[in-house]
>>> print(open('model-v7.cif').read())   # mmCIF, C-alpha atoms and all ligand atoms
data_run
#
loop_
_atom_site.label_atom_id
_atom_site.label_comp_id
_atom_site.auth_asym_id
_atom_site.auth_seq_id
_atom_site.Cartn_x
_atom_site.Cartn_y
_atom_site.Cartn_z
CA MET A 1 5.10 10.89 -15.64
CA LYS A 2 2.61 11.57 -18.40
CA ILE A 3 1.42 9.47 -21.31
CA ASP A 4 1.04 11.19 -24.64
CA VAL A 5 -2.39 9.97 -25.72
CA ALA A 6 -1.87 10.83 -29.40
CA ALA A 7 1.05 8.40 -29.73
CA LEU A 8 -1.07 5.57 -28.32
CA LYS A 9 -4.11 6.48 -30.41
CA ASN A 10 -1.99 6.39 -33.57
CA ALA A 11 -1.11 2.79 -32.89
CA PRO A 12 -4.15 1.03 -31.42
CA GLY A 13 -3.31 -2.30 -29.83
CA LYS A 14 0.40 -1.54 -29.67
CA LEU A 15 1.99 -1.83 -26.23
CA PHE A 16 4.07 1.05 -24.94
CA ALA A 17 6.35 0.39 -21.97
CA TYR A 18 7.01 2.88 -19.19
CA SER A 19 9.33 2.70 -16.20
CA PHE A 20 9.49 5.43 -13.63
CA THR A 21 9.50 6.14 -9.92
CA ILE A 22 7.21 8.25 -7.78
CA ALA A 23 8.69 10.15 -4.85
CA PRO A 24 7.33 9.19 -1.41
CA GLY A 25 6.26 12.79 -0.80
CA TYR A 26 3.78 12.57 -3.67
CA LEU A 27 1.99 9.61 -2.14
CA GLN A 28 -0.29 10.63 0.69
CA THR A 29 -0.12 7.51 2.80
CA GLU A 30 -2.37 7.36 5.81
CA GLY A 31 -1.69 6.62 9.44
CA ASP A 32 1.70 5.14 10.27
CA THR A 33 2.47 3.84 6.82
CA THR A 34 5.43 5.51 5.13
CA LEU A 35 7.56 4.74 2.11
CA LEU A 36 11.24 4.03 2.69
CA THR A 37 12.00 4.11 -1.03
CA PRO A 38 10.39 5.75 -4.05
CA LEU A 39 7.61 3.71 -5.61
CA ALA A 40 9.01 1.92 -8.67
CA VAL A 41 6.51 1.51 -11.48
CA ASP A 42 6.80 -0.75 -14.53
CA LEU A 43 3.87 -0.70 -16.85
CA GLU A 44 2.67 -1.29 -20.35
CA ALA A 45 -0.20 0.59 -21.88
CA MET A 46 -2.10 0.53 -25.13
CA TYR A 47 -5.01 2.30 -26.71
CA CYS A 48 -8.12 0.26 -27.34
CA GLU A 49 -11.60 1.47 -28.27
CA GLY A 50 -11.79 4.79 -26.50
CA LYS A 51 -9.72 3.85 -23.50
CA VAL A 52 -6.18 3.22 -22.41
CA VAL A 53 -5.59 -0.23 -20.97
CA ALA A 54 -2.63 -0.33 -18.60
CA GLY A 55 -1.04 -3.12 -16.59
CA GLY A 56 2.14 -3.60 -14.66
CA SER A 57 3.67 -3.72 -11.23
CA LEU A 58 4.42 -1.46 -8.28
CA ARG A 59 7.36 -1.97 -5.94
CA ALA A 60 8.56 -0.16 -2.83
CA LYS A 61 9.86 -0.68 0.66
CA VAL A 62 7.28 0.50 3.15
CA LYS A 63 7.27 0.97 6.89
CA MET A 64 4.02 0.01 8.58
CA THR A 65 2.65 -0.60 12.03
CA CYS A 66 1.32 -4.06 12.72
CA SER A 67 -2.40 -3.85 13.43
CA ARG A 68 -2.16 -6.66 15.98
CA CYS A 69 1.05 -6.13 17.98
CA LEU A 70 1.57 -2.44 17.09
CA ARG A 71 5.20 -3.10 16.24
CA GLN A 72 6.73 -1.12 13.40
CA PHE A 73 8.15 -3.19 10.62
CA SER A 74 9.35 -2.70 7.09
CA SER A 75 8.23 -4.87 4.25
CA ASP A 76 8.56 -5.17 0.52
CA PHE A 77 5.42 -3.99 -1.14
CA TYR A 78 4.74 -5.58 -4.50
CA GLU A 79 1.49 -5.38 -6.37
CA GLU A 80 0.46 -6.17 -9.90
CA PHE A 81 -2.34 -4.16 -11.38
CA GLU A 82 -4.51 -3.70 -14.40
CA ASP A 83 -6.47 -0.57 -15.07
CA GLU A 84 -8.62 0.94 -17.77
CA ILE A 85 -8.60 4.67 -18.19
CA PRO A 86 -11.52 5.94 -20.27
CA LEU A 87 -10.55 8.78 -22.60
CA GLU A 88 -12.58 11.83 -23.37
CA GLN A 89 -10.87 14.94 -24.69
CA GLU A 90 -7.59 14.71 -22.82
CA THR A 91 -4.34 14.69 -24.76
CA GLU A 92 -2.27 13.23 -21.96
CA ILE A 93 -2.76 11.02 -18.93
CA ASP A 94 -1.12 11.88 -15.64
CA LEU A 95 0.16 8.41 -14.78
CA ALA A 96 1.55 9.44 -11.41
CA ARG A 97 -1.92 10.40 -10.23
CA VAL A 98 -3.49 7.15 -11.51
CA ILE A 99 -0.71 5.06 -9.94
CA ALA A 100 -0.87 6.95 -6.64
CA GLU A 101 -4.54 5.99 -6.32
CA LEU A 102 -3.85 2.35 -7.20
CA PHE A 103 -1.02 2.23 -4.70
CA LEU A 104 -3.01 3.74 -1.86
CA THR A 105 -5.92 1.35 -2.36
CA ALA A 106 -3.53 -1.62 -2.57
CA LEU A 107 -1.94 -0.92 0.81
CA PRO A 108 -3.25 -3.28 3.48
CA LEU A 109 -5.85 -1.71 5.78
CA LYS A 110 -4.69 -3.93 8.62
CA PRO A 111 -0.98 -4.57 8.13
CA LEU A 112 0.53 -7.61 9.80
CA CYS A 113 4.20 -7.80 10.82
CA LYS A 114 4.11 -11.48 9.94
CA GLU A 115 1.62 -14.08 8.95
CA GLY A 116 -0.16 -15.27 12.08
CA CYS A 117 1.08 -12.47 14.34
CA ARG A 118 -0.47 -13.24 17.72
CA GLY A 119 -0.80 -9.61 18.72
CA LEU A 120 -1.06 -8.11 22.15
CA CYS A 121 -3.06 -9.57 24.99
CA PRO A 122 -6.16 -7.40 25.12
CA ALA A 123 -6.14 -7.42 28.90
CA CYS A 124 -2.51 -6.87 29.95
CA GLY A 125 -0.82 -5.79 26.73
CA THR A 126 1.74 -8.60 26.72
CA ASP A 127 3.15 -9.24 23.26
CA LEU A 128 1.86 -12.75 22.72
CA ASN A 129 4.54 -13.36 20.09
CA GLU A 130 7.08 -13.23 22.89
CA LYS A 131 5.33 -14.88 25.78
CA GLN A 132 1.99 -16.11 26.94
CA CYS A 133 0.28 -14.31 29.83
CA ASP A 134 -2.26 -15.73 32.25
CA CYS A 135 -5.21 -13.52 31.34
CA PRO A 136 -8.54 -15.09 30.44
CA ALA A 137 -9.44 -14.45 26.80
CA GLU A 138 -11.39 -11.23 26.43
CA ASP A 139 -12.11 -8.77 23.64
CA MET A 140 -10.49 -5.38 23.88
CA ASP A 141 -8.99 -2.94 21.43
CA PRO A 142 -5.20 -3.60 21.41
CA ARG A 143 -4.62 0.17 21.55
CA LEU A 144 -6.46 0.30 24.86
CA ALA A 145 -4.35 -2.58 26.06
CA VAL A 146 -1.21 -0.54 25.36
CA LEU A 147 -2.57 2.28 27.50
CA LYS A 148 -3.40 -0.15 30.22
CA LYS A 149 0.12 -1.52 30.11
CA PHE A 150 1.49 2.02 30.22
CA TYR A 151 -0.51 2.90 33.32
CA ALA A 152 0.39 -0.36 34.99
CA GLN A 153 4.06 0.54 34.65
CA SER A 154 3.78 4.12 35.87
ZN ZN B 201 2.48 -8.06 14.69
ZN ZN B 202 -2.65 -10.81 29.34
#
>>> encode(input="model-v7.cif", output="structure tokens")
Amino acid sequence: MKIDVAALKNAPGKLFAYSFTIAPGYLQTEGDTTLLTPLAVDLEAMYCEGKVVAGGSLRAKVKMTCSRCLRQFSSDFYEEFEDEIPLEQETEIDLARVIAELFLTALPLKPLCKEGCRGLCPACGTDLNEKQCDCPAEDMDPRLAVLKKFYAQS
């Protein structure tokens, strides 16, 4: 999806609306986060004093891994954004690239399956959302706890 800069420049202050989707393959999500649907983009843009001002919303279904209990879950991603793209000599703006960056920075660094997820017990790996264990409170990386649980079972 590209914006023709000339059209915007010819009508400063006028809003142009764009709706498009970006295929999941184009978005280089990190770690366990993947898109279950294309990213739907609705935006309006206008030219103003040497830059393009854009604003709108991003929508997609994403699959993530909870940073506390390590459970995979899907959630509805929705984010509103505003961005200013300074113009130099370019005649068009590659919106997909701009949006991809916005999307990737808007993804949560530490996804949670639900508000207040209690996570895994750092000592025995019990999912504290399901039951309470008897371990004394202690700080450990939940990923280590999973390993510990794994070895305890084998
Ligand atoms: Zn969780
Ligand atoms: Zn425990």
>>> residues_near_ligand(input="model-v7.cif", ligand="ligand ZN 202 (chain B)", cutoff="8 Å", atoms="all atoms listed in the file", output="PyMOL selection string")
chain A and resi 120-126+132-136
>>> residues_around(input="model-v7.cif", residues="region 61-64 of chain A", least_positions_apart="3", cutoff="10 Å", atoms="only C-alpha atoms", output="list of chain:residue names")
A:Pro24, A:Gly31, A:Asp32, A:Thr33, A:Thr34, A:Leu35, A:Leu36, A:Thr37, A:Pro38, A:Leu39, A:Ala40, A:Ser67, A:Leu70, A:Arg71, A:Gln72, A:Phe73, A:Ser74, A:Ser75, A:Asp76, A:Phe77, A:Tyr78, A:Leu107, A:Pro108, A:Lys110, A:Pro111, A:Leu112, A:Cys113
>>> atom_distance(input="model-v7.cif", atom1="CA of Leu95 (chain A)", atom2="CA of Ile3 (chain A)")
6.7 Å
>>> closest_residue(input="model-v7.cif", among="A:Asn10, A:Lys131, A:Glu84, A:Thr65", to="ligand ZN 201 (chain B)", atoms="all atoms listed in the file")
A:Thr65
>>> residues_around(input="model-v7.cif", residues="Val53 (chain A)", least_positions_apart="2", cutoff="9 Å", atoms="all atoms listed in the file", output="ChimeraX atom specification")
/A:44-48,51,55,82-86
>>> axis_aligned_box(input="model-v7.cif", around="region 84-89 of chain A", padding_each_side="5 Å", output="lines of an AutoDock Vina configuration file")
center_x = -10.6
center_y = 7.9
center_z = -21.2
size_x = 14.0
size_y = 24.0
size_z = 16.9
>>> closest_residue(input="model-v7.cif", among="A:Glu101, A:Gly119, A:Leu15, A:Glu90", to="Leu27 (chain A)", atoms="only C-alpha atoms")
A:Glu101
>>> atom_distance(input="model-v7.cif", atom1="CA of Ala96 (chain A)", atom2="CA of Ala60 (chain A)")
14.7 Å
>>> closest_residue(input="model-v7.cif", among="A:Leu147, A:Ile99, A:Cys69, A:Leu109", to="ligand ZN 201 (chain B)", atoms="only C-alpha atoms and all ligand atoms")
A:Cys69
>>> atom_distance(input="model-v7.cif", atom1="CA of Phe16 (chain A)", atom2="CA of Ser57 (chain A)")
14.5 Å
>>> residues_around(input="model-v7.cif", residues="Tyr26 (chain A)", least_positions_apart="3", cutoff="9 Å", atoms="all atoms listed in the file", output="VMD selection string")
chain A and resid 22 to 23 96 to 97 100
>>> closest_residue(input="model-v7.cif", among="A:Lys114, A:Lys2, A:Lys9, A:Arg59", to="ligand ZN 201 (chain B)", atoms="all atoms listed in the file")
A:Lys114
>>> build_atoms(input="model-v7.cif", residues="region 79-101 of chain A", atoms="N, CA and C atoms", output="tab-separated table (two decimals), in the frame of the given file")
chain	number	residue	atom	x	y	z
A	79	GLU	N	2.88	-5.20	-5.95
A	79	GLU	CA	1.49	-5.38	-6.37
A	79	GLU	C	1.41	-5.29	-7.89
A	80	GLU	N	0.69	-6.25	-8.46
A	80	GLU	CA	0.46	-6.17	-9.90
A	80	GLU	C	-0.92	-5.56	-10.11
A	81	PHE	N	-1.06	-4.84	-11.18
A	81	PHE	CA	-2.34	-4.16	-11.38
A	81	PHE	C	-2.71	-4.15	-12.86
A	82	GLU	N	-3.99	-3.94	-13.07
A	82	GLU	CA	-4.51	-3.70	-14.40
A	82	GLU	C	-5.53	-2.59	-14.27
A	83	ASP	N	-5.54	-1.68	-15.19
A	83	ASP	CA	-6.47	-0.57	-15.07
A	83	ASP	C	-6.91	-0.14	-16.46
A	84	GLU	N	-8.13	0.37	-16.51
A	84	GLU	CA	-8.62	0.94	-17.77
A	84	GLU	C	-8.93	2.40	-17.52
A	85	ILE	N	-8.38	3.24	-18.35
A	85	ILE	CA	-8.60	4.67	-18.19
A	85	ILE	C	-9.41	5.16	-19.39
A	86	PRO	N	-10.69	5.46	-19.16
A	86	PRO	CA	-11.52	5.94	-20.27
A	86	PRO	C	-11.04	7.31	-20.75
A	87	LEU	N	-11.03	7.52	-22.04
A	87	LEU	CA	-10.55	8.78	-22.60
A	87	LEU	C	-11.71	9.63	-23.07
A	88	GLU	N	-11.62	10.91	-22.77
A	88	GLU	CA	-12.58	11.83	-23.37
A	88	GLU	C	-11.80	12.77	-24.28
A	89	GLN	N	-11.57	13.99	-23.83
A	89	GLN	CA	-10.87	14.94	-24.69
A	89	GLN	C	-9.40	15.09	-24.35
A	90	GLU	N	-8.95	14.42	-23.27
A	90	GLU	CA	-7.59	14.71	-22.82
A	90	GLU	C	-6.53	14.27	-23.83
A	91	THR	N	-5.43	15.01	-23.85
A	91	THR	CA	-4.34	14.69	-24.76
A	91	THR	C	-3.22	13.94	-24.04
A	92	GLU	N	-3.27	13.99	-22.71
A	92	GLU	CA	-2.27	13.23	-21.96
A	92	GLU	C	-2.91	12.68	-20.69
A	93	ILE	N	-2.28	11.62	-20.17
A	93	ILE	CA	-2.76	11.02	-18.93
A	93	ILE	C	-1.68	11.21	-17.89
A	94	ASP	N	-2.07	11.72	-16.73
A	94	ASP	CA	-1.12	11.88	-15.64
A	94	ASP	C	-1.00	10.54	-14.91
A	95	LEU	N	0.00	9.76	-15.33
A	95	LEU	CA	0.16	8.41	-14.78
A	95	LEU	C	0.43	8.43	-13.28
A	96	ALA	N	1.19	9.41	-12.82
A	96	ALA	CA	1.55	9.44	-11.41
A	96	ALA	C	0.28	9.50	-10.55
A	97	ARG	N	-0.70	10.26	-11.00
A	97	ARG	CA	-1.92	10.40	-10.23
A	97	ARG	C	-2.70	9.06	-10.21
A	98	VAL	N	-2.79	8.44	-11.40
A	98	VAL	CA	-3.49	7.15	-11.51
A	98	VAL	C	-2.81	6.10	-10.63
A	99	ILE	N	-1.48	6.06	-10.70
A	99	ILE	CA	-0.71	5.06	-9.94
A	99	ILE	C	-0.82	5.33	-8.44
A	100	ALA	N	-0.78	6.61	-8.07
A	100	ALA	CA	-0.87	6.95	-6.64
A	100	ALA	C	-2.16	6.38	-6.05
A	101	GLU	N	-3.26	6.52	-6.80
A	101	GLU	CA	-4.54	5.99	-6.32
A	101	GLU	C	-4.50	4.47	-6.20
